[in-house]
Every structure is written in structure tokens, then in C-alpha cells.
Amino acid sequence: MNNPLTWAVPLFRAFAVNVRVHILYFLVTLGLFLREIFRDGAFVSPLDVFLFMVPMLFVVILIHEYGHVFGGRYVGGECEEILIWPLGGLAFVDTPREWRAHTFTALAGPLTNIAQCVLCTIVLLGFGFIPTLNPLDSPYVSPMKNYRDGKTYTSEYGVKLYHTDTGLPHPDYDKKNYAAKVEDAREIARVKEADGYARAVAPVWAVWLNRLFWLNLVLTLLNFIPAYPLDGGQILQGLVWARTDYRQGTVVACISGFVCAMAMFVVSIAVIEPLVIALCFFVLFACWVKWRQLTEGVGEFGYDTERGYSGMDDDEPPARPAKRVGPLKRWLQARAAKKLQREHEQRAKDDERMDQLLEKIARKEPISDEDRRFMQRVSERYRKPQ
């Protein structure tokens, strides 16, 4: 109970990493779900909200954290635990005390989001759709431009009307990505059909793929904010560290974190977004703790925000951990060990048979041609240099 970060439940273990989920993650997710479906003018199905906020968001965050894990292992580090919590995830990676290892591990997480964006874009472009590039667009309406017919398609929650003969947009539903209740959207479409207009509704699979793209895009932009201890702040720390030293890199990252936190605080008040406020205070707290650690040698109250990527608790370089052996190398090593074991067992059998043959020769008993060939093979083996 002393450390709030321990209030988590184990979920599963994969790739030699224990994945835990903080209890506040469930509460915050439930709150966001209820806020979305009960907001004034809510028009999205609770099922769509649930699928977007629970399984999709969780999987994207988990992939991001495993990006840090494998990035850290690539540079010789190790990770034993991932914690999913209300503000995203924490991969507790211990990496070598080197700016390249530190920076690459921090960058590996956002690279997974960028890779997912690229994959979604390739698939959508193959079917004529351009994914949503505006992070302020509603992921539920999910507007997508089609470069083949020039129309903007939406989910069933959007209203985009085009004339069936000319293909021109309806003047009242052209400039904005209107969102409405499904019943209202269908009623609009039914009334406008009398004027020769029809809705441009994208296929369900394309809508969900665009939502996946939008989610990864937003997370990429958030993670590249140059505020310690976010990924962007960790990358900034590593780049400054490369030109100066670890201490100076941390100081610059903390100062940048203070500035970004103030800006996020203003934005959170303007948009009345509690998660942005929470993120703002988390960044402020992490920067303040790290600043005190550098200037006064004060610890970090049971949790090392730096340990999320590098596990540095002091100014002395820790011993470089042994690089994790990959699955292919482990298989080759196991195969070589089994081969060596078989050779030892065969040599023991050969020695036992040789002793029996030597006893027969001492007793002047006849031996077969096969026994002679066996003795010749064994004697040649012993004559070879070891």
C-alpha cells in the first residue's frame, strides 16, 4: 500500500516479460467510456466506444511498450515487466549506460506506432482511401478522402451527401464532417434521396482500419512531445547527452518538461480534459523528482522514472548487462549441446567395447572382422589431435 505503482494485477507473461495492469487503468477506462456514451448529443453506439477504448487502445499501448522491450534488448538491455496504467504504459528496461542505447530504446516505442500507421495507410490506399491525417477529427465519424472518385467517406455516424448523377457534394454537408445519431443520419439520407443525393459511407473494415491509424497517429504525436519522462523527452535527453554528458542531457530534458507541462496545463484548462491535466502533473512531478535527484542527490520515492528506459540511479556507469540470446541462437546452442552429449555417450560405449575386445585378445580368443574395423576406427580417433 505504500507504493501506488504496486496496485496492479498480473495479466500474462509473454516474451519473458510480465505484463501487469494497474487498477486505476480499469477505472479511468470505465470513466472515459461512460463520459462518451452519456455526453450531450452522444451519437456513437456503446459497442463501438467499448471496442475503440478497451481492446484497441490496450493492444496499441501494449505493442508500443513491447517496442521499448525489444529495442532495449537489441542494444544489450533487458526487461522483466510492463505496467499498463492510466497514462499509457511503462516498460521497465535496463539498458547500458550509453546515449545510443538510451535513445534507441526510447525511440523504439513510437516506431511501432509509426509502423502501424504505415501498414494501415498501405491497405487503405490500395482500396482508394486516404486515412485521416487530422488528429482533431472524430475517430468515430472517421472521415476518409477517396482519391478515385474525390468523395469524402465516413462511418455510419457521419453525414456526407453527394448527388448521384453529378457526384457534387450537397452544399449543406460539404465543409464539415457532420456527425449525427444514426437515426438522424438515416433520416437525412432518406429526405435528401428525393433530391437525388446519397450518403458516402465507407466499409466497416475501412472505418476500423482508419480508427487504428488515427489512434496510432495521436499516440505518436503525444509521445514525441519533448517532455521528460515521455519518449520525446527521453530522446531529447539522449541527443543532448551525445554532445555533452548524461547530466546535461537530463537537465535539458527536465527544463523542456517543465515548459511543456505548463503549455499542456493551459491546453487542459481550455479544453477541460482531465487526462491532459493528469499528464501535465505527472510530467511536472517526474521532472521535479529528477531535478532534485541531480542537484541534491534525493531518491525518487520508491519509483525511478528513469528506470522506465534505462535504470540509471546514479552517475556511475553500471556494469553492461549480457546481451540477451535470441531464439535462433538458443536453438543452435541447445542443438550443439545435444550433439556434444551424444558424442560423450558414444565415446563411453566405444571405450567399454574396446575394453571387452582387449580382454578377448588377452585371452587369445578369436575376434571378427567387424571387431577389427571397430578397433581401427577407435585407434584412428585417438591418434587425431584433440
# chains A, B, ... in the order shown; residues from 1 in each chain; ligands from 1

call {"tool": "select_by_dssp", "arguments": {"residues": "segment 119-284 of chain A", "states": "strand (DSSP E)", "output": "list in words"}}
result
Phe129, Ile130, Met144, Lys145, Asn146, Thr152, Tyr153, Gly158, Val159, Leu161, Tyr162, His163, Tyr178, Ala179, Tyr197, Ala198 and Arg199 of chain A

call {"tool": "residues_around", "arguments": {"residues": "Met262 of chain A", "least_positions_apart": "4", "cutoff": "8 Å", "atoms": "only C-alpha atoms", "output": "MDAnalysis selection string"}}
result
chainID A and resid 258 266 280

call {"tool": "residues_around", "arguments": {"residues": "Leu136 of chain A", "least_positions_apart": "3", "cutoff": "12 Å", "atoms": "only C-alpha atoms", "output": "list in words"}}
result
Thr132, Leu133, Pro139, Tyr140, Val141, Ser142, Pro143, Asn177, Trp214, Leu215, Leu217, Val218 and Leu221 of chain A

call {"tool": "atom_distance", "arguments": {"atom1": "atom CA of Val60 of chain A", "atom2": "atom CA of Glu98 of chain A"}}
result
28.3 Å

call {"tool": "atom_distance", "arguments": {"atom1": "atom CA of Asp94 of chain A", "atom2": "atom CA of Leu24 of chain A"}}
result
25.4 Å

call {"tool": "select_by_dssp", "arguments": {"residues": "segment 44-267 of chain A", "states": "helix (DSSP H, G or I)", "output": "PyMOL selection string"}}
result
chain A and resi 46-74+99-126+171-173+182-193+204-223+231-243+246-267

call {"tool": "atom_distance", "arguments": {"atom1": "atom CA of Pro96 of chain A", "atom2": "atom CA of Leu284 of chain A"}}
result
26.5 Å

call {"tool": "residues_around", "arguments": {"residues": "Asp231 of chain A", "least_positions_apart": "5", "cutoff": "8 Å", "atoms": "only C-alpha atoms", "output": "PyMOL selection string"}}
result
chain A and resi 106-107+109-110+223-226

call {"tool": "closest_residue", "arguments": {"among": "A:Ala334, A:Val159, A:Val69, A:Leu11", "to": "His102 of chain A", "atoms": "only C-alpha atoms"}}
result
A:Val69
